[in-house]
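Shown here: run_5.txt, compact mmCIF, C-alpha atoms and all ligand atoms.
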# COMPACT_ATOMS: atom_id res chain seq x y z
CA MET T 930 69.44 66.73 105.27
CA PRO T 931 68.39 70.15 106.59
CA ASP T 932 71.17 72.75 107.08
CA SER T 933 69.75 73.48 110.52
CA GLN T 934 71.40 70.33 111.97
CA PRO T 935 73.78 71.13 114.84
CA ILE T 936 77.54 71.01 114.32
CA LEU T 937 78.99 67.75 115.68
CA LEU T 938 82.63 68.23 114.72
CA GLN T 939 84.50 71.46 114.26
CA VAL T 940 88.16 71.43 113.28
CA GLU T 941 89.84 74.82 113.58
CA ARG T 942 93.14 75.75 111.96
CA LEU T 943 94.83 72.42 112.49
CA GLN T 944 98.59 72.21 111.91
CA VAL T 945 100.30 68.82 111.86
CA LYS T 946 103.97 68.06 111.25
CA TYR T 947 105.91 64.85 110.69
CA GLY T 948 109.30 65.86 112.09
CA ASN T 949 110.24 69.02 110.25
CA SER T 950 107.86 68.40 107.41
CA GLN T 951 104.50 70.13 107.72
CA ALA T 952 101.59 67.99 106.45
CA LEU T 953 98.57 70.16 107.41
CA TRP T 954 98.35 73.95 107.22
CA ASP T 955 95.46 75.65 108.97
CA VAL T 956 92.94 72.96 108.13
CA SER T 957 89.42 73.92 109.20
CA LEU T 958 86.28 71.92 108.55
CA THR T 959 82.85 71.29 109.99
CA ALA T 960 80.68 68.17 110.07
CA LEU T 961 76.97 68.60 110.76
CA SER T 962 75.23 66.02 112.90
CA GLY T 963 73.76 63.18 110.82
CA GLY T 964 75.36 64.43 107.61
CA ILE T 965 77.94 63.05 105.21
CA THR T 966 81.02 65.27 105.03
CA CYS T 967 83.75 64.36 102.56
CA ILE T 968 87.35 65.29 101.87
CA ILE T 969 88.72 64.73 98.38
CA GLY T 970 92.25 65.33 97.17
CA ALA T 971 95.20 63.76 95.41
CA ASN T 972 97.53 61.22 97.00
CA GLY T 973 99.65 62.88 99.66
CA ALA T 974 97.28 65.85 100.09
CA GLY T 975 96.86 65.21 103.83
CA LYS T 976 93.49 63.42 104.02
CA THR T 977 94.68 60.48 106.14
CA THR T 978 96.68 62.85 108.34
CA THR T 979 93.49 64.86 108.98
CA LEU T 980 91.45 61.80 110.00
CA ASN T 981 94.28 60.47 112.19
CA ALA T 982 94.58 63.84 113.93
CA ILE T 983 90.82 63.87 114.64
CA ALA T 984 91.00 60.27 115.94
CA GLY T 985 93.88 61.28 118.22
CA VAL T 986 96.41 58.84 116.81
CA LEU T 987 98.60 61.75 115.62
CA PRO T 988 99.56 64.77 117.76
CA VAL T 989 98.73 68.24 116.46
CA GLN T 990 101.07 71.25 116.55
CA SER T 991 98.29 73.75 116.96
CA GLY T 992 94.62 74.23 116.24
CA LYS T 993 91.49 72.91 117.91
CA ILE T 994 89.16 69.94 117.56
CA ILE T 995 85.73 70.58 119.04
CA PHE T 996 83.41 67.58 119.26
CA ALA T 997 79.82 67.78 120.51
CA GLY T 998 80.66 71.17 122.03
CA ASP T 999 83.79 70.02 123.92
CA ASP T 1000 87.42 70.74 123.11
CA ILE T 1001 88.92 67.25 122.62
CA THR T 1002 92.28 68.37 121.15
CA CYS T 1003 94.20 67.06 124.17
CA LEU T 1004 92.29 63.80 124.68
CA SER T 1005 93.91 60.42 123.94
CA ALA T 1006 92.72 58.21 121.08
CA ARG T 1007 91.05 55.94 123.64
CA GLN T 1008 89.18 58.84 125.25
CA ARG T 1009 87.96 59.86 121.80
CA VAL T 1010 86.56 56.34 121.23
CA GLN T 1011 84.74 56.79 124.57
CA ARG T 1012 83.36 60.05 123.19
CA ARG T 1013 82.05 57.93 120.31
CA ILE T 1014 84.50 58.82 117.55
CA SER T 1015 85.49 55.87 115.38
CA LEU T 1016 88.00 55.53 112.54
CA VAL T 1017 87.93 52.87 109.82
CA PRO T 1018 91.55 53.12 108.72
CA GLU T 1019 92.98 53.10 105.23
CA GLY T 1020 93.75 49.55 104.10
CA ARG T 1021 91.16 48.00 106.49
CA GLN T 1022 93.78 46.64 108.94
CA LEU T 1023 91.87 43.51 109.94
CA TRP T 1024 93.45 40.61 111.82
CA PRO T 1025 93.60 38.08 108.96
CA GLY T 1026 94.02 35.05 111.22
CA MET T 1027 90.96 35.90 113.33
CA SER T 1028 87.35 35.21 112.41
CA VAL T 1029 84.94 37.86 111.18
CA GLU T 1030 83.16 37.87 114.54
CA GLU T 1031 86.43 38.13 116.50
CA ASN T 1032 87.45 41.08 114.33
CA LEU T 1033 84.08 42.76 114.94
CA LEU T 1034 84.36 42.22 118.69
CA MET T 1035 87.76 43.98 118.66
CA GLY T 1036 85.78 47.15 117.86
CA CYS T 1037 84.23 46.84 121.31
CA PHE T 1038 87.50 46.68 123.23
CA LEU T 1039 86.73 49.29 125.90
CA PRO T 1040 85.35 47.74 129.12
CA GLN T 1041 82.38 50.12 129.20
CA LEU T 1042 81.38 49.01 125.69
CA ARG T 1043 81.49 45.27 126.32
CA SER T 1044 78.03 45.01 127.83
CA ARG T 1045 76.62 46.28 124.52
CA ALA T 1046 78.69 43.93 122.36
CA GLN T 1047 75.90 41.46 121.55
CA THR T 1048 73.38 44.22 120.81
CA ASN T 1049 75.86 45.99 118.52
CA LEU T 1050 76.82 42.73 116.84
CA ALA T 1051 73.16 41.99 116.05
CA ARG T 1052 72.76 45.48 114.58
CA ILE T 1053 75.83 45.04 112.40
CA TYR T 1054 74.68 41.62 111.18
CA ASP T 1055 71.34 43.25 110.20
CA LEU T 1056 73.23 45.85 108.20
CA PHE T 1057 75.66 43.31 106.66
CA PRO T 1058 73.89 39.94 106.27
CA ARG T 1059 76.94 38.65 104.42
CA LEU T 1060 79.11 39.13 107.49
CA LYS T 1061 76.59 37.13 109.50
CA GLU T 1062 76.82 34.26 107.01
CA ARG T 1063 80.60 34.41 107.26
CA ARG T 1064 80.91 35.12 110.97
CA GLY T 1065 83.16 32.09 111.59
CA GLN T 1066 85.34 32.55 108.52
CA LEU T 1067 88.90 33.89 108.87
CA ALA T 1068 88.98 37.57 107.85
CA GLY T 1069 92.04 36.97 105.65
CA THR T 1070 90.01 34.66 103.41
CA LEU T 1071 87.22 37.21 102.69
CA SER T 1072 86.95 39.03 99.35
CA GLY T 1073 88.08 42.69 99.24
CA GLY T 1074 84.50 43.96 99.50
CA GLU T 1075 83.68 41.69 102.45
CA GLN T 1076 86.88 42.76 104.21
CA GLN T 1077 85.84 46.38 103.81
CA MET T 1078 82.38 45.56 105.23
CA CYS T 1079 84.08 43.84 108.16
CA ALA T 1080 86.28 46.91 108.76
CA ILE T 1081 83.24 49.21 108.65
CA GLY T 1082 81.33 46.82 110.92
CA ARG T 1083 84.21 46.85 113.41
CA GLY T 1084 84.17 50.67 113.30
CA LEU T 1085 80.46 50.60 114.16
CA MET T 1086 80.90 48.23 117.12
CA SER T 1087 81.78 51.12 119.43
CA ASP T 1088 78.39 52.69 118.59
CA PRO T 1089 79.97 55.88 117.20
CA GLN T 1090 78.37 59.27 116.81
CA LEU T 1091 81.08 60.09 114.25
CA LEU T 1092 82.32 57.41 111.86
CA MET T 1093 85.39 58.36 109.84
CA LEU T 1094 86.13 56.26 106.76
CA ASP T 1095 89.50 56.44 105.02
CA GLU T 1096 89.29 55.39 101.36
CA PRO T 1097 86.67 52.66 101.89
CA SER T 1098 86.36 51.81 98.19
CA LEU T 1099 90.08 51.48 97.47
CA GLY T 1100 90.84 48.49 95.25
CA LEU T 1101 87.21 47.36 94.94
CA ALA T 1102 85.41 46.39 91.71
CA PRO T 1103 82.92 49.05 90.47
CA LYS T 1104 79.84 47.08 91.55
CA LEU T 1105 81.20 46.74 95.07
CA VAL T 1106 82.16 50.40 95.18
CA GLN T 1107 78.51 51.22 94.55
CA GLU T 1108 77.44 48.79 97.28
CA ILE T 1109 79.86 50.30 99.83
CA PHE T 1110 78.67 53.85 99.04
CA GLN T 1111 75.06 52.74 99.44
CA LEU T 1112 75.95 51.26 102.83
CA ILE T 1113 77.54 54.54 103.90
CA VAL T 1114 74.32 56.37 102.96
CA ASP T 1115 72.31 53.78 104.95
CA ILE T 1116 74.57 54.20 108.00
CA ALA T 1117 74.12 57.99 107.83
CA LYS T 1118 70.33 57.51 107.66
CA GLN T 1119 70.56 55.68 110.99
CA GLY T 1120 71.87 58.95 112.46
CA VAL T 1121 75.62 58.29 112.41
CA THR T 1122 77.58 61.34 111.25
CA ILE T 1123 80.03 60.40 108.49
CA LEU T 1124 83.41 61.93 107.65
CA LEU T 1125 84.57 60.24 104.47
CA VAL T 1126 87.83 60.42 102.58
CA GLY T 1127 87.43 59.11 99.09
CA GLN T 1128 89.61 58.69 96.04
CA ASN T 1129 86.47 57.84 94.08
CA VAL T 1130 85.62 61.52 93.62
CA ASN T 1131 82.49 61.07 91.53
CA TYR T 1132 80.70 58.77 94.01
CA THR T 1133 82.07 60.65 97.00
CA LEU T 1134 80.73 64.02 95.84
CA GLN T 1135 77.39 62.48 94.90
CA ILE T 1136 76.70 61.45 98.49
CA ALA T 1137 78.41 64.42 100.21
CA HIS T 1138 76.19 66.97 101.94
CA GLN T 1139 79.34 69.02 102.42
CA ALA T 1140 82.70 68.44 100.73
CA TYR T 1141 86.21 69.84 101.08
CA VAL T 1142 88.98 69.78 98.50
CA MET T 1143 92.43 69.33 100.05
CA GLU T 1144 95.60 70.21 98.15
CA LEU T 1145 99.15 70.11 99.58
CA GLY T 1146 97.89 70.08 103.17
CA LYS T 1147 95.40 72.93 102.78
CA ILE T 1148 91.66 73.15 102.21
CA THR T 1149 91.35 74.97 98.90
CA LEU T 1150 87.64 74.70 98.16
CA SER T 1151 84.45 73.64 99.92
CA GLY T 1152 80.75 73.40 99.29
CA PRO T 1153 77.86 70.94 98.92
CA GLY T 1154 78.93 67.83 96.96
CA GLU T 1155 76.56 68.61 94.10
CA MET T 1156 78.08 72.08 93.76
CA LEU T 1157 81.66 70.77 93.64
CA LEU T 1158 80.62 68.21 91.02
CA LYS T 1159 79.85 71.18 88.77
CA ASN T 1160 82.99 73.11 89.65
CA ASP T 1161 85.42 73.47 86.75
CA HIS T 1162 88.58 73.03 88.81
CA VAL T 1163 87.21 69.87 90.44
CA ARG T 1164 86.04 68.53 87.08
CA ARG T 1165 89.39 69.15 85.44
CA ALA T 1166 91.65 68.05 88.30
CA TYR T 1167 89.69 65.15 89.79
CA LEU T 1168 87.15 63.96 87.25
CA GLY T 1169 89.13 64.39 84.04
CA ILE T 1170 86.30 66.38 82.45
CA ALA T 1171 87.17 69.59 80.61
CA GLU T 1172 83.94 71.60 80.52
CA SER T 1173 80.89 71.92 82.69
CA PRO T 1174 77.54 73.13 81.42
CA GLY T 1175 77.11 76.81 82.28
CA SER T 1176 80.71 77.13 83.43
CA ALA T 1177 80.58 80.94 83.40
CA GLU T 1178 78.37 80.80 86.54
CA ASN T 1179 80.76 78.46 88.11
CA PRO T 1180 84.15 80.01 88.93
CA ALA T 1181 86.78 77.77 90.58
N1 LIG J 1201 104.31 58.73 108.86
C1 LIG J 1201 104.70 59.74 108.07
N2 LIG J 1201 105.93 60.29 108.18
C2 LIG J 1201 106.33 61.32 107.39
N3 LIG J 1201 105.54 61.90 106.46
C3 LIG J 1201 104.31 61.40 106.31
C4 LIG J 1201 103.83 60.30 107.09
N4 LIG J 1201 102.55 60.01 106.71
C5 LIG J 1201 102.26 60.89 105.73
N5 LIG J 1201 103.31 61.72 105.50
C6 LIG J 1201 103.35 62.82 104.51
O1 LIG J 1201 102.30 63.73 104.82
C7 LIG J 1201 101.65 64.17 103.64
C8 LIG J 1201 100.17 63.83 103.70
O2 LIG J 1201 100.02 62.42 103.67
P1 LIG J 1201 98.60 61.69 103.84
O3 LIG J 1201 97.87 62.33 104.95
O4 LIG J 1201 98.87 60.23 103.95
O5 LIG J 1201 97.91 62.03 102.46
P2 LIG J 1201 96.62 61.38 101.74
O6 LIG J 1201 95.90 60.53 102.73
O7 LIG J 1201 95.83 62.56 101.28
O8 LIG J 1201 97.15 60.58 100.59
C9 LIG J 1201 102.39 63.53 102.48
O9 LIG J 1201 103.35 64.44 102.00
C10 LIG J 1201 103.04 62.33 103.11
O10 LIG J 1201 104.22 61.98 102.42
MG MG J 1202 95.42 58.53 102.63
Would you mind giving the structure from this file in structure tokens?
Amino acid sequence: MPDSQPILLQVERLQVKYGNSQALWDVSLTALSGGITCIIGANGAGKTTTLNAIAGVLPVQSGKIIFAGDDITCLSARQRVQRRISLVPEGRQLWPGMSVEENLLMGCFLPQLRSRAQTNLARIYDLFPRLKERRGQLAGTLSGGEQQMCAIGRGLMSDPQLLMLDEPSLGLAPKLVQEIFQLIVDIAKQGVTILLVGQNVNYTLQIAHQAYVMELGKITLSGPGEMLLKNDHVRRAYLGIAESPGSAENPA
């Protein structure tokens, strides 16, 4: 992806608190249009908090969220969906007693989206033939990988410009992890900008055009995914690898 792509999302010095406990400190990041931007970090670092703040499901103390040139910091979560921002939450959060198709249609809940429901559904079934086969099956009876596909499909039903994915490979077998990452790359190729939070650091950095390392609520490092894969601190802390080739050129 060329660096000359316009900025779609710009987060500036975001501060978020839960009561008296501060979860995000001056978090700034940028997602280029059509690119895959990733945030990696340990459990509790603030990754989910960041995505929830961008989606508007958590209030921010201060800072700005600029999307497609507009300041959306004060918009409701619903207004952000209208602006074509979509979040696939951690843990999938499907309705287990509803069918695959009913779950997908829930992604199209805004009245102005409903007229496009069938078109979007057809597009999602093209992308996930397995969901088409299982369209009538209850979501709670799907395998973990299929549930994740259903959650991603539901996130795509609102035809987003920005799709945020929170730990999409959590709990999946290695072969499925690979499949989900390939799907994310395919979705980005269709022009959807991706903001991905991943605990699978190796895969995440491999597909990231731009990546951010988050530690204790702060961004501590950023760069192209391939660069962070070679970074000594990242290798030691997140990949369990002691040395990188040519580490002298590669300060943390
Ligand atoms: N609902 C909540 N109430 C209070 N503290 C929370 C809540 N959700 C998360 N936190 C705290 O905020 C910090 C960041 O959490 P989170 O964003 O979930 O991290 P990550 O997604 O990187 O694992 C952690 O210290 C966590 O304990
Ligand atoms: Mg999380």
Using all atoms listed in the file, I'd like a table of the residues in chain T that come within 8 Å of ligand LIG 1201 (chain J); for each, show the closest atom pair and its distance in Å rounded to one decimal, ordered by chain and ascending number, as JSON lines.
{"residue": "T:Lys946", "atom": "CA", "partner": "J:LIG1201", "partner_atom": "O1", "distance": 7.9}
{"residue": "T:Tyr947", "atom": "CA", "partner": "J:LIG1201", "partner_atom": "C2", "distance": 4.9}
{"residue": "T:Gly948", "atom": "CA", "partner": "J:LIG1201", "partner_atom": "C2", "distance": 7.2}
{"residue": "T:Ser950", "atom": "CA", "partner": "J:LIG1201", "partner_atom": "N3", "distance": 7.0}
{"residue": "T:Gln951", "atom": "CA", "partner": "J:LIG1201", "partner_atom": "O1", "distance": 7.4}
{"residue": "T:Ala952", "atom": "CA", "partner": "J:LIG1201", "partner_atom": "O1", "distance": 4.6}
{"residue": "T:Leu953", "atom": "CA", "partner": "J:LIG1201", "partner_atom": "C8", "distance": 7.5}
{"residue": "T:Ile969", "atom": "CA", "partner": "J:LIG1201", "partner_atom": "O7", "distance": 8.0}
{"residue": "T:Gly970", "atom": "CA", "partner": "J:LIG1201", "partner_atom": "O7", "distance": 6.1}
{"residue": "T:Ala971", "atom": "CA", "partner": "J:LIG1201", "partner_atom": "O7", "distance": 6.0}
{"residue": "T:Asn972", "atom": "CA", "partner": "J:LIG1201", "partner_atom": "O8", "distance": 3.7}
{"residue": "T:Gly973", "atom": "CA", "partner": "J:LIG1201", "partner_atom": "O5", "distance": 3.4}
{"residue": "T:Ala974", "atom": "CA", "partner": "J:LIG1201", "partner_atom": "O7", "distance": 3.8}
{"residue": "T:Gly975", "atom": "CA", "partner": "J:LIG1201", "partner_atom": "O3", "distance": 3.3}
{"residue": "T:Lys976", "atom": "CA", "partner": "J:LIG1201", "partner_atom": "O7", "distance": 3.7}
{"residue": "T:Thr977", "atom": "CA", "partner": "J:LIG1201", "partner_atom": "O6", "distance": 3.6}
{"residue": "T:Thr978", "atom": "CA", "partner": "J:LIG1201", "partner_atom": "O3", "distance": 3.6}
{"residue": "T:Thr979", "atom": "CA", "partner": "J:LIG1201", "partner_atom": "O3", "distance": 6.5}
{"residue": "T:Asp1095", "atom": "CA", "partner": "J:LIG1201", "partner_atom": "O6", "distance": 7.9}
{"residue": "T:Met1143", "atom": "CA", "partner": "J:LIG1201", "partner_atom": "O7", "distance": 7.7}
{"residue": "T:Leu1145", "atom": "CA", "partner": "J:LIG1201", "partner_atom": "O9", "distance": 7.5}
{"residue": "T:Gly1146", "atom": "CA", "partner": "J:LIG1201", "partner_atom": "C8", "distance": 6.7}
Would you list the contacts of segment 1030-1040 of chain T as a list in words, taking every protein, DNA or RNA residue within 7 Å and counting only C-alpha atoms, but skipping same-chain residues closer than 2 positions in sequence?
Leu1023, Trp1024, Met1027, Ser1028, Leu1042, Arg1043, Ala1046, Arg1064, Gly1065, Cys1079, Gly1082, Arg1083, Gly1084, Met1086 and Ser1087 of chain T
Would you save the residues of that selection, restricted to C-alpha atoms, as a PDB file, keeping the file's coordinate frame?
ATOM      1  CA  LEU T1023      91.870  43.510 109.940  1.00  0.00           C
ATOM      2  CA  TRP T1024      93.450  40.610 111.820  1.00  0.00           C
ATOM      3  CA  MET T1027      90.960  35.900 113.330  1.00  0.00           C
ATOM      4  CA  SER T1028      87.350  35.210 112.410  1.00  0.00           C
ATOM      5  CA  LEU T1042      81.380  49.010 125.690  1.00  0.00           C
ATOM      6  CA  ARG T1043      81.490  45.270 126.320  1.00  0.00           C
ATOM      7  CA  ALA T1046      78.690  43.930 122.360  1.00  0.00           C
ATOM      8  CA  ARG T1064      80.910  35.120 110.970  1.00  0.00           C
ATOM      9  CA  GLY T1065      83.160  32.090 111.590  1.00  0.00           C
ATOM     10  CA  CYS T1079      84.080  43.840 108.160  1.00  0.00           C
ATOM     11  CA  GLY T1082      81.330  46.820 110.920  1.00  0.00           C
ATOM     12  CA  ARG T1083      84.210  46.850 113.410  1.00  0.00           C
ATOM     13  CA  GLY T1084      84.170  50.670 113.300  1.00  0.00           C
ATOM     14  CA  MET T1086      80.900  48.230 117.120  1.00  0.00           C
ATOM     15  CA  SER T1087      81.780  51.120 119.430  1.00  0.00           C
TER      16      SER T1087
END
Within 7 Å of Glu1096 of chain T, counting all atoms listed in the file, which residues show up once you throw out same-chain ones fewer than 5 positions away? Write them as an mmCIF file with C-alpha atoms, in the coordinates of the input, please.
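And here's result04.cif as it stands now:
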data_model
loop_
_atom_site.group_PDB
_atom_site.id
_atom_site.type_symbol
_atom_site.label_atom_id
_atom_site.label_comp_id
_atom_site.auth_asym_id
_atom_site.auth_seq_id
_atom_site.Cartn_x
_atom_site.Cartn_y
_atom_site.Cartn_z
ATOM 1 C CA GLU T 1019 92.980 53.100 105.230
ATOM 2 C CA VAL T 1126 87.830 60.420 102.580
ATOM 3 C CA GLY T 1127 87.430 59.110 99.090
ATOM 4 C CA GLN T 1128 89.610 58.690 96.040
#
Which residue, T:Arg1021, T:Arg1012, T:Arg1007, T:Arg1052, has the smallest gap to ligand MG 1202 (chain J) when you use all atoms listed in the file?
T:Arg1021
May I ask for the distance between atom CA of Leu1091 of chain T and atom CA of Pro1025 of chain T, given in Å to one decimal place?
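These two atoms are separated by 25.9 Å.
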Hey, can you check how far atom CA of Pro1153 of chain T sits from atom CA of Leu1134 of chain T?
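Atom-to-atom, atom CA of Pro1153 of chain T and atom CA of Leu1134 of chain T are spaced 8.1 Å apart.
Close to (93.8, 59.9, 121.4), meaning no more than 10 Å away when counting all atoms listed in the file, sit the residues Asn981, Ala982, Ile983, Ala984, Gly985, Val986, Leu987, Pro988, Ile1001, Thr1002, Cys1003, Leu1004, Ser1005, Ala1006, Arg1007, Gln1008, Arg1009 and Val1010 of chain T.
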So the first atom is atom CA of Leu1092 of chain T and the second is atom CA of Arg1164 of chain T; what is the distance between them in Å, to one decimal place?
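Between these atoms lies a distance of 27.4 Å.
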